[in-house]
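Raw contents of upload05.pdb, PDB, C-alpha atoms:
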```
ATOM      1  CA  MET P   1     -43.412  -6.710  16.209  1.00  0.00           C
ATOM      2  CA  SER P   2     -40.425  -8.552  14.759  1.00  0.00           C
ATOM      3  CA  THR P   3     -37.526  -7.176  12.716  1.00  0.00           C
ATOM      4  CA  TYR P   4     -36.407  -8.807   9.461  1.00  0.00           C
ATOM      5  CA  VAL P   5     -33.821  -8.278   6.759  1.00  0.00           C
ATOM      6  CA  ALA P   6     -34.816  -8.784   3.127  1.00  0.00           C
ATOM      7  CA  LEU P   7     -31.998  -9.580   0.718  1.00  0.00           C
ATOM      8  CA  PHE P   8     -32.887  -9.070  -2.927  1.00  0.00           C
ATOM      9  CA  ARG P   9     -30.995 -10.894  -5.616  1.00  0.00           C
ATOM     10  CA  GLY P  10     -30.173  -9.281  -8.926  1.00  0.00           C
ATOM     11  CA  ILE P  11     -31.699  -5.827  -8.672  1.00  0.00           C
ATOM     12  CA  ASN P  12     -29.993  -2.654  -9.876  1.00  0.00           C
ATOM     13  CA  VAL P  13     -27.018  -4.603 -11.240  1.00  0.00           C
ATOM     14  CA  GLY P  14     -25.487  -3.650 -14.569  1.00  0.00           C
ATOM     15  CA  GLY P  15     -28.380  -1.380 -15.483  1.00  0.00           C
ATOM     16  CA  LYS P  16     -30.907  -4.221 -15.322  1.00  0.00           C
ATOM     17  CA  ASN P  17     -33.878  -4.896 -13.074  1.00  0.00           C
ATOM     18  CA  ILE P  18     -34.005  -1.297 -11.892  1.00  0.00           C
ATOM     19  CA  LEU P  19     -35.865  -0.775  -8.639  1.00  0.00           C
ATOM     20  CA  PRO P  20     -35.446   2.577  -6.905  1.00  0.00           C
ATOM     21  CA  MET P  21     -35.216   2.138  -3.156  1.00  0.00           C
ATOM     22  CA  LYS P  22     -38.084   4.591  -2.586  1.00  0.00           C
ATOM     23  CA  ASP P  23     -40.268   2.268  -4.700  1.00  0.00           C
ATOM     24  CA  LEU P  24     -39.092  -0.730  -2.666  1.00  0.00           C
ATOM     25  CA  VAL P  25     -40.004   1.082   0.557  1.00  0.00           C
ATOM     26  CA  GLY P  26     -43.489   1.758  -0.847  1.00  0.00           C
ATOM     27  CA  ILE P  27     -43.949  -1.888  -1.841  1.00  0.00           C
ATOM     28  CA  LEU P  28     -42.905  -3.114   1.608  1.00  0.00           C
ATOM     29  CA  GLU P  29     -45.095  -0.588   3.391  1.00  0.00           C
ATOM     30  CA  GLY P  30     -47.997  -1.612   1.148  1.00  0.00           C
ATOM     31  CA  LEU P  31     -47.590  -5.163   2.463  1.00  0.00           C
ATOM     32  CA  GLY P  32     -47.820  -4.007   6.071  1.00  0.00           C
ATOM     33  CA  CYS P  33     -44.114  -3.635   6.819  1.00  0.00           C
ATOM     34  CA  GLU P  34     -43.192  -0.816   9.180  1.00  0.00           C
ATOM     35  CA  LYS P  35     -40.043   1.209   9.896  1.00  0.00           C
ATOM     36  CA  VAL P  36     -38.662   0.223   6.492  1.00  0.00           C
ATOM     37  CA  LYS P  37     -35.063   1.235   5.803  1.00  0.00           C
ATOM     38  CA  THR P  38     -32.937   0.321   2.813  1.00  0.00           C
ATOM     39  CA  TYR P  39     -29.198   0.007   2.470  1.00  0.00           C
ATOM     40  CA  ILE P  40     -27.460   0.679  -0.846  1.00  0.00           C
ATOM     41  CA  GLN P  41     -29.083   0.202  -4.223  1.00  0.00           C
ATOM     42  CA  SER P  42     -28.336  -3.515  -4.621  1.00  0.00           C
ATOM     43  CA  GLY P  43     -31.327  -4.601  -2.585  1.00  0.00           C
ATOM     44  CA  ASN P  44     -31.175  -4.729   1.168  1.00  0.00           C
ATOM     45  CA  ALA P  45     -34.050  -3.745   3.427  1.00  0.00           C
ATOM     46  CA  VAL P  46     -34.687  -3.848   7.153  1.00  0.00           C
ATOM     47  CA  PHE P  47     -38.274  -3.714   8.356  1.00  0.00           C
ATOM     48  CA  GLN P  48     -40.636  -4.654  11.140  1.00  0.00           C
ATOM     49  CA  LEU P  49     -43.735  -6.758  10.744  1.00  0.00           C
ATOM     50  CA  LYS P  50     -46.455  -7.853  13.125  1.00  0.00           C
ATOM     51  CA  GLY P  51     -47.134 -11.538  13.616  1.00  0.00           C
ATOM     52  CA  ASN P  52     -45.359 -14.575  12.340  1.00  0.00           C
ATOM     53  CA  ILE P  53     -43.645 -14.115   9.016  1.00  0.00           C
ATOM     54  CA  THR P  54     -43.630 -16.913   6.498  1.00  0.00           C
ATOM     55  CA  LYS P  55     -42.005 -17.520   3.141  1.00  0.00           C
ATOM     56  CA  LYS P  56     -45.304 -16.273   1.738  1.00  0.00           C
ATOM     57  CA  ILE P  57     -44.285 -12.644   2.371  1.00  0.00           C
ATOM     58  CA  ALA P  58     -41.114 -13.114   0.289  1.00  0.00           C
ATOM     59  CA  GLU P  59     -43.254 -14.368  -2.585  1.00  0.00           C
ATOM     60  CA  GLU P  60     -45.675 -11.459  -2.122  1.00  0.00           C
ATOM     61  CA  ILE P  61     -42.792  -8.965  -2.284  1.00  0.00           C
ATOM     62  CA  SER P  62     -41.476 -10.572  -5.501  1.00  0.00           C
ATOM     63  CA  SER P  63     -44.947 -10.591  -7.049  1.00  0.00           C
ATOM     64  CA  LYS P  64     -45.536  -6.904  -6.219  1.00  0.00           C
ATOM     65  CA  ILE P  65     -42.206  -6.003  -7.840  1.00  0.00           C
ATOM     66  CA  LEU P  66     -43.161  -8.029 -10.916  1.00  0.00           C
ATOM     67  CA  LYS P  67     -46.476  -6.188 -11.133  1.00  0.00           C
ATOM     68  CA  SER P  68     -44.966  -2.721 -10.651  1.00  0.00           C
ATOM     69  CA  HIS P  69     -41.554  -3.043 -12.347  1.00  0.00           C
ATOM     70  CA  GLY P  70     -41.778  -5.995 -14.722  1.00  0.00           C
ATOM     71  CA  PHE P  71     -39.315  -8.427 -13.150  1.00  0.00           C
ATOM     72  CA  LYS P  72     -39.487 -10.873 -10.275  1.00  0.00           C
ATOM     73  CA  PRO P  73     -36.418 -10.913  -8.027  1.00  0.00           C
ATOM     74  CA  LYS P  74     -35.522 -13.685  -5.624  1.00  0.00           C
ATOM     75  CA  VAL P  75     -36.063 -12.433  -2.069  1.00  0.00           C
ATOM     76  CA  LEU P  76     -34.467 -14.097   0.934  1.00  0.00           C
ATOM     77  CA  LEU P  77     -35.827 -13.116   4.311  1.00  0.00           C
ATOM     78  CA  VAL P  78     -33.408 -13.311   7.206  1.00  0.00           C
ATOM     79  CA  GLU P  79     -34.479 -13.135  10.807  1.00  0.00           C
ATOM     80  CA  VAL P  80     -32.368 -11.029  13.162  1.00  0.00           C
ATOM     81  CA  ARG P  81     -31.264 -14.173  15.010  1.00  0.00           C
ATOM     82  CA  GLU P  82     -30.050 -15.696  11.724  1.00  0.00           C
ATOM     83  CA  LEU P  83     -28.054 -12.577  10.861  1.00  0.00           C
ATOM     84  CA  GLU P  84     -26.498 -12.485  14.328  1.00  0.00           C
ATOM     85  CA  ASP P  85     -25.658 -16.204  14.087  1.00  0.00           C
ATOM     86  CA  ALA P  86     -24.039 -15.660  10.684  1.00  0.00           C
ATOM     87  CA  ILE P  87     -21.834 -12.941  12.171  1.00  0.00           C
ATOM     88  CA  ASN P  88     -21.018 -14.850  15.354  1.00  0.00           C
ATOM     89  CA  ASN P  89     -20.201 -18.078  13.471  1.00  0.00           C
ATOM     90  CA  ASN P  90     -17.981 -16.344  10.927  1.00  0.00           C
ATOM     91  CA  PRO P  91     -14.858 -18.524  10.733  1.00  0.00           C
ATOM     92  CA  PHE P  92     -12.771 -15.709   9.231  1.00  0.00           C
ATOM     93  CA  LYS P  93     -13.090 -13.056  11.938  1.00  0.00           C
ATOM     94  CA  SER P  94      -9.700 -11.485  11.214  1.00  0.00           C
ATOM     95  CA  MET P  95     -10.491 -11.202   7.487  1.00  0.00           C
ATOM     96  CA  GLU P  96     -13.113  -8.536   7.123  1.00  0.00           C
ATOM     97  CA  GLY P  97     -14.088  -5.863   4.635  1.00  0.00           C
ATOM     98  CA  LYS P  98     -14.864  -6.400   0.984  1.00  0.00           C
ATOM     99  CA  SER P  99     -12.841  -9.637   0.789  1.00  0.00           C
ATOM    100  CA  LEU P 100     -15.106 -11.569   3.157  1.00  0.00           C
ATOM    101  CA  HIS P 101     -18.453 -12.661   1.729  1.00  0.00           C
ATOM    102  CA  PHE P 102     -21.523 -14.196   3.304  1.00  0.00           C
ATOM    103  CA  PHE P 103     -23.630 -16.255   0.894  1.00  0.00           C
ATOM    104  CA  PHE P 104     -27.116 -16.553   2.365  1.00  0.00           C
ATOM    105  CA  LEU P 105     -28.756 -19.789   1.239  1.00  0.00           C
ATOM    106  CA  ALA P 106     -32.482 -20.206   0.625  1.00  0.00           C
ATOM    107  CA  SER P 107     -32.231 -23.473   2.582  1.00  0.00           C
ATOM    108  CA  PRO P 108     -29.504 -25.775   3.873  1.00  0.00           C
ATOM    109  CA  PRO P 109     -28.123 -27.775   0.937  1.00  0.00           C
ATOM    110  CA  ALA P 110     -29.040 -31.463   0.821  1.00  0.00           C
ATOM    111  CA  LYS P 111     -25.937 -32.611  -1.093  1.00  0.00           C
ATOM    112  CA  PRO P 112     -23.358 -29.815  -1.329  1.00  0.00           C
ATOM    113  CA  ASN P 113     -20.412 -30.543  -3.612  1.00  0.00           C
ATOM    114  CA  LEU P 114     -17.631 -28.935  -1.593  1.00  0.00           C
ATOM    115  CA  ASP P 115     -15.000 -30.941  -3.489  1.00  0.00           C
ATOM    116  CA  GLU P 116     -15.936 -29.069  -6.671  1.00  0.00           C
ATOM    117  CA  LEU P 117     -15.372 -25.768  -4.874  1.00  0.00           C
ATOM    118  CA  ALA P 118     -12.078 -26.951  -3.369  1.00  0.00           C
ATOM    119  CA  ASN P 119     -10.882 -27.912  -6.858  1.00  0.00           C
ATOM    120  CA  VAL P 120     -11.474 -24.430  -8.322  1.00  0.00           C
ATOM    121  CA  LYS P 121     -10.445 -22.244  -5.386  1.00  0.00           C
ATOM    122  CA  SER P 122      -7.357 -20.111  -5.717  1.00  0.00           C
ATOM    123  CA  ILE P 123      -4.469 -20.524  -3.293  1.00  0.00           C
ATOM    124  CA  SER P 124      -5.482 -17.392  -1.378  1.00  0.00           C
ATOM    125  CA  GLU P 125      -9.175 -18.246  -1.049  1.00  0.00           C
ATOM    126  CA  GLU P 126     -10.778 -19.919   1.942  1.00  0.00           C
ATOM    127  CA  PHE P 127     -14.361 -21.089   2.420  1.00  0.00           C
ATOM    128  CA  LYS P 128     -16.655 -22.800   4.879  1.00  0.00           C
ATOM    129  CA  LEU P 129     -20.267 -23.967   4.755  1.00  0.00           C
ATOM    130  CA  ASP P 130     -22.192 -23.635   8.019  1.00  0.00           C
ATOM    131  CA  LYS P 131     -25.858 -24.703   7.746  1.00  0.00           C
ATOM    132  CA  ASN P 132     -27.450 -22.067   5.520  1.00  0.00           C
ATOM    133  CA  ILE P 133     -24.483 -19.678   5.282  1.00  0.00           C
ATOM    134  CA  PHE P 134     -21.507 -20.131   2.981  1.00  0.00           C
ATOM    135  CA  TYR P 135     -18.499 -18.007   3.938  1.00  0.00           C
ATOM    136  CA  LEU P 136     -15.912 -17.036   1.336  1.00  0.00           C
ATOM    137  CA  TYR P 137     -12.703 -15.152   1.887  1.00  0.00           C
ATOM    138  CA  ALA P 138     -11.563 -13.950  -1.554  1.00  0.00           C
ATOM    139  CA  PRO P 139      -8.718 -11.429  -1.134  1.00  0.00           C
ATOM    140  CA  GLU P 140      -8.250 -11.023  -4.893  1.00  0.00           C
ATOM    141  CA  GLY P 141     -11.900 -10.086  -5.333  1.00  0.00           C
ATOM    142  CA  ILE P 142     -15.117 -11.956  -5.836  1.00  0.00           C
ATOM    143  CA  GLY P 143     -15.310 -10.930  -9.500  1.00  0.00           C
ATOM    144  CA  ARG P 144     -12.141 -12.900 -10.249  1.00  0.00           C
ATOM    145  CA  SER P 145     -13.086 -15.897  -8.157  1.00  0.00           C
ATOM    146  CA  LYS P 146     -13.905 -19.106 -10.032  1.00  0.00           C
ATOM    147  CA  LEU P 147     -15.101 -20.491  -6.712  1.00  0.00           C
ATOM    148  CA  ALA P 148     -17.608 -17.674  -6.182  1.00  0.00           C
ATOM    149  CA  ALA P 149     -19.028 -18.240  -9.659  1.00  0.00           C
ATOM    150  CA  ARG P 150     -19.773 -21.881  -8.820  1.00  0.00           C
ATOM    151  CA  VAL P 151     -21.167 -21.613  -5.286  1.00  0.00           C
ATOM    152  CA  GLU P 152     -24.840 -21.845  -6.207  1.00  0.00           C
ATOM    153  CA  GLN P 153     -24.326 -24.742  -8.623  1.00  0.00           C
ATOM    154  CA  ALA P 154     -22.154 -26.688  -6.156  1.00  0.00           C
ATOM    155  CA  LEU P 155     -24.537 -26.160  -3.249  1.00  0.00           C
ATOM    156  CA  GLY P 156     -27.681 -26.805  -5.265  1.00  0.00           C
ATOM    157  CA  VAL P 157     -29.770 -24.052  -3.637  1.00  0.00           C
ATOM    158  CA  PRO P 158     -30.435 -20.380  -4.477  1.00  0.00           C
ATOM    159  CA  VAL P 159     -28.001 -17.973  -2.828  1.00  0.00           C
ATOM    160  CA  THR P 160     -27.377 -14.258  -2.547  1.00  0.00           C
ATOM    161  CA  ALA P 161     -24.070 -12.855  -1.338  1.00  0.00           C
ATOM    162  CA  ARG P 162     -23.147  -9.806   0.725  1.00  0.00           C
ATOM    163  CA  ASN P 163     -19.698  -8.670   1.782  1.00  0.00           C
ATOM    164  CA  TRP P 164     -18.704  -8.101   5.398  1.00  0.00           C
ATOM    165  CA  ASN P 165     -19.170  -4.340   5.140  1.00  0.00           C
ATOM    166  CA  THR P 166     -22.787  -4.754   4.013  1.00  0.00           C
ATOM    167  CA  VAL P 167     -23.540  -7.397   6.663  1.00  0.00           C
ATOM    168  CA  SER P 168     -22.061  -5.104   9.337  1.00  0.00           C
ATOM    169  CA  ASN P 169     -24.190  -2.197   8.167  1.00  0.00           C
ATOM    170  CA  LEU P 170     -27.326  -4.341   8.091  1.00  0.00           C
ATOM    171  CA  ILE P 171     -26.858  -5.520  11.690  1.00  0.00           C
ATOM    172  CA  ALA P 172     -26.256  -1.902  12.743  1.00  0.00           C
ATOM    173  CA  MET P 173     -29.543  -0.945  11.049  1.00  0.00           C
ATOM    174  CA  VAL P 174     -31.336  -3.791  12.821  1.00  0.00           C
ATOM    175  CA  LYS P 175     -30.076  -2.624  16.178  1.00  0.00           C
ATOM    176  CA  LYS P 176     -31.395   0.894  15.485  1.00  0.00           C
ATOM    177  CA  ALA P 177     -34.820  -0.389  14.373  1.00  0.00           C
TER     178      ALA P 177
END
```

Take the structure in the file and write it out as structure tokens.
Amino acid sequence: MSTYVALFRGINVGGKNILPMKDLVGILEGLGCEKVKTYIQSGNAVFQLKGNITKKIAEEISSKILKSHGFKPKVLLVEVRELEDAINNNPFKSMEGKSLHFFFLASPPAKPNLDELANVKSISEEFKLDKNIFYLYAPEGIGRSKLAARVEQALGVPVTARNWNTVSNLIAMVKKA
């Protein structure tokens, strides 16, 4: 039995793509996931699954949500090792909380345009790309960040972001699983 983290993009944001967490738990359990736990309404789940997981399960989760709730969210599955590596490789260890963001990438970018991001970053912002994680320290808030708004376009791969507090809570949930 292996433990995974599912990161859902664009659910329960701004009154759109509503998916109650109890419904998400039911969908995951219906696909054979066990010990399912969710964290906050924006789409984070920790679960265990027998056997080798593939990208196919992410597609199955999205398809089940489409069938039951009428929209198809992007789902990124993160193995425990990947989450631990993201935390351990964090280049901004002294800058935690809501100002530090982890952008989980669907795959490592082939041709990231980091110059574009450097050109739009504010003086206070810092960033680093490390394989399939993009780290952003945005002390003035991610909502005001021109850099944050361009990450996906500049990297050329789908992303979903979580702040340090969420990442910390997810790893704590994993350790309790």

Using all atoms listed in the file, what residues lie at most 10 Å away from (-40.1, -0.4, 12.6) (file coordinates), given as number ranges by chain? P: 1-4, 33-37, 46-50, 174, 176-177

Applied to the shown file, which residues does the PyMOL selection byres ((chain P and resi 8) around 9) return, written as a PyMOL selection string? chain P and resi 6-7+9-11+42-45+73-77+160

Would you mind exporting C-alpha atoms of the selected residues as a tab-separated table (two decimals), in the frame of the given file?
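Output saved as out.tsv:
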```tsv
chain	number	residue	atom	x	y	z
P	6	ALA	CA	-34.82	-8.78	3.13
P	7	LEU	CA	-32.00	-9.58	0.72
P	9	ARG	CA	-31.00	-10.89	-5.62
P	10	GLY	CA	-30.17	-9.28	-8.93
P	11	ILE	CA	-31.70	-5.83	-8.67
P	42	SER	CA	-28.34	-3.52	-4.62
P	43	GLY	CA	-31.33	-4.60	-2.58
P	44	ASN	CA	-31.18	-4.73	1.17
P	45	ALA	CA	-34.05	-3.74	3.43
P	73	PRO	CA	-36.42	-10.91	-8.03
P	74	LYS	CA	-35.52	-13.68	-5.62
P	75	VAL	CA	-36.06	-12.43	-2.07
P	76	LEU	CA	-34.47	-14.10	0.93
P	77	LEU	CA	-35.83	-13.12	4.31
P	160	THR	CA	-27.38	-14.26	-2.55
```

Contacts of Val157 in chain P at 9 Å (all atoms listed in the file; same-chain gap of 2+ positions) as a ChimeraX atom specification: /P:105-110,112,152-155,159

Near Asp85 in chain P, counting only C-alpha atoms, which residues have an atom at most 12 Å away, once you skip same-chain residues fewer than 5 positions from it, shown as number ranges by chain? P: 78-80, 90-91, 102, 104, 130-133, 167, 171

Please expand the PyMOL selection byres ((chain P and resi 150) around 12) into the concrete residues it hits in this file, giving the result as a list in words. Phe103, Pro112, Asn113, Leu114, Asp115, Glu116, Leu117, Ala118, Asn119, Val120, Lys121, Leu136, Ile142, Gly143, Arg144, Ser145, Lys146, Leu147, Ala148, Ala149, Val151, Glu152, Gln153, Ala154, Leu155, Gly156, Val157, Pro158 and Val159 of chain P

Put a box with edges along x, y and z around all the listed atoms of range 116-132 of chain P, pad it by 6 Å on each side, then give me its centre and sizes in Å, one decimal, as JSON.
```
{"center_x": -16.0, "center_y": -23.2, "center_z": -0.2, "size_x": 35.0, "size_y": 23.7, "size_z": 28.3}
```

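You can rank P:Ile27, P:Met173, P:Ile87, P:Met95 by their closest distance to Ser63 in chain P using all atoms listed in the file, and at the top of that list sits P:Ile27.
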
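Shortest atom-to-atom contact with Leu24 in chain P among P:Ser94, P:Asn163, P:Gln41, P:Ser122: P:Gln41, counting only C-alpha atoms.
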
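Excluding Ser68 in chain P and any residue on its chain fewer than 4 positions from it, the residues at most 12 Å away by all atoms listed in the file are Asn17, Ile18, Leu19, Pro20, Asp23, Leu24, Gly26, Ile27, Ile61, Ser62, Ser63, Lys64 and Lys72 of chain P.
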
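Taking CA of Glu29 in chain P as the reference point, CA of Ala86 in chain P is found at 26.9 Å.
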
CA of Gly70 in chain P to CA of Ile57 in chain P, distance in Å rounded to a single decimal: 18.5 Å

Incomplete range 63-96 of chain P brought to N, CA and C atoms, written out as a short mmCIF file (atom, residue, chain, number, x, y, z; two decimals), in the coordinates of the input:
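Saved result, selection15.cif, follows:
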```cif
data_model
loop_
_atom_site.label_atom_id
_atom_site.label_comp_id
_atom_site.auth_asym_id
_atom_site.auth_seq_id
_atom_site.Cartn_x
_atom_site.Cartn_y
_atom_site.Cartn_z
N SER P 63 -43.80 -10.77 -6.15
CA SER P 63 -44.95 -10.59 -7.05
C SER P 63 -45.31 -9.12 -7.21
N LYS P 64 -45.24 -8.35 -6.13
CA LYS P 64 -45.54 -6.90 -6.22
C LYS P 64 -44.51 -6.20 -7.10
N ILE P 65 -43.24 -6.61 -7.00
CA ILE P 65 -42.21 -6.00 -7.84
C ILE P 65 -42.44 -6.38 -9.30
N LEU P 66 -42.84 -7.61 -9.55
CA LEU P 66 -43.16 -8.03 -10.92
C LEU P 66 -44.28 -7.17 -11.49
N LYS P 67 -45.31 -6.97 -10.69
CA LYS P 67 -46.48 -6.19 -11.13
C LYS P 67 -46.10 -4.72 -11.39
N SER P 68 -45.28 -4.15 -10.53
CA SER P 68 -44.97 -2.72 -10.65
C SER P 68 -43.75 -2.41 -11.52
N HIS P 69 -42.79 -3.36 -11.64
CA HIS P 69 -41.55 -3.04 -12.35
C HIS P 69 -41.17 -4.05 -13.44
N GLY P 70 -41.98 -5.10 -13.61
CA GLY P 70 -41.78 -6.00 -14.72
C GLY P 70 -40.73 -7.08 -14.57
N PHE P 71 -40.23 -7.31 -13.39
CA PHE P 71 -39.32 -8.43 -13.15
C PHE P 71 -39.58 -8.97 -11.76
N LYS P 72 -39.18 -10.20 -11.54
CA LYS P 72 -39.49 -10.87 -10.28
C LYS P 72 -38.18 -11.32 -9.61
N PRO P 73 -37.68 -10.54 -8.67
CA PRO P 73 -36.42 -10.91 -8.03
C PRO P 73 -36.61 -12.00 -6.98
N LYS P 74 -35.54 -12.73 -6.74
CA LYS P 74 -35.52 -13.68 -5.62
C LYS P 74 -35.33 -12.86 -4.35
N VAL P 75 -36.15 -13.15 -3.35
CA VAL P 75 -36.06 -12.43 -2.07
C VAL P 75 -35.81 -13.46 -0.97
N LEU P 76 -34.74 -13.26 -0.23
CA LEU P 76 -34.47 -14.10 0.93
C LEU P 76 -34.73 -13.27 2.18
N LEU P 77 -35.55 -13.79 3.05
CA LEU P 77 -35.83 -13.12 4.31
C LEU P 77 -34.96 -13.74 5.39
N VAL P 78 -34.31 -12.87 6.15
CA VAL P 78 -33.41 -13.31 7.21
C VAL P 78 -33.90 -12.74 8.52
N GLU P 79 -34.10 -13.60 9.48
CA GLU P 79 -34.48 -13.14 10.81
C GLU P 79 -33.25 -12.56 11.50
N VAL P 80 -33.47 -11.67 12.44
CA VAL P 80 -32.37 -11.03 13.16
C VAL P 80 -31.45 -12.08 13.78
N ARG P 81 -32.04 -13.10 14.38
CA ARG P 81 -31.26 -14.17 15.01
C ARG P 81 -30.35 -14.85 13.98
N GLU P 82 -30.85 -15.06 12.77
CA GLU P 82 -30.05 -15.70 11.72
C GLU P 82 -28.88 -14.81 11.30
N LEU P 83 -29.12 -13.51 11.22
CA LEU P 83 -28.05 -12.58 10.86
C LEU P 83 -27.00 -12.53 11.96
N GLU P 84 -27.44 -12.48 13.20
CA GLU P 84 -26.50 -12.48 14.33
C GLU P 84 -25.69 -13.78 14.36
N ASP P 85 -26.36 -14.92 14.13
CA ASP P 85 -25.66 -16.20 14.09
C ASP P 85 -24.63 -16.23 12.97
N ALA P 86 -24.98 -15.70 11.81
CA ALA P 86 -24.04 -15.66 10.68
C ALA P 86 -22.79 -14.87 11.05
N ILE P 87 -22.97 -13.76 11.75
CA ILE P 87 -21.83 -12.94 12.17
C ILE P 87 -21.03 -13.65 13.25
N ASN P 88 -21.71 -14.19 14.25
CA ASN P 88 -21.02 -14.85 15.35
C ASN P 88 -20.29 -16.12 14.93
N ASN P 89 -20.81 -16.83 13.93
CA ASN P 89 -20.20 -18.08 13.47
C ASN P 89 -19.19 -17.88 12.34
N ASN P 90 -18.93 -16.66 11.98
CA ASN P 90 -17.98 -16.34 10.93
C ASN P 90 -16.61 -16.96 11.26
N PRO P 91 -16.14 -17.89 10.44
CA PRO P 91 -14.86 -18.52 10.73
C PRO P 91 -13.64 -17.68 10.36
N PHE P 92 -13.86 -16.55 9.71
CA PHE P 92 -12.77 -15.71 9.23
C PHE P 92 -12.81 -14.33 9.89
N LYS P 93 -12.89 -14.31 11.20
CA LYS P 93 -13.09 -13.06 11.94
C LYS P 93 -12.00 -12.02 11.69
N SER P 94 -10.78 -12.45 11.43
CA SER P 94 -9.70 -11.48 11.21
C SER P 94 -9.66 -10.99 9.77
N MET P 95 -10.49 -11.55 8.91
CA MET P 95 -10.49 -11.20 7.49
C MET P 95 -11.80 -10.52 7.15
N GLU P 96 -11.85 -9.24 7.31
CA GLU P 96 -13.11 -8.54 7.12
C GLU P 96 -13.04 -7.63 5.90
#
```
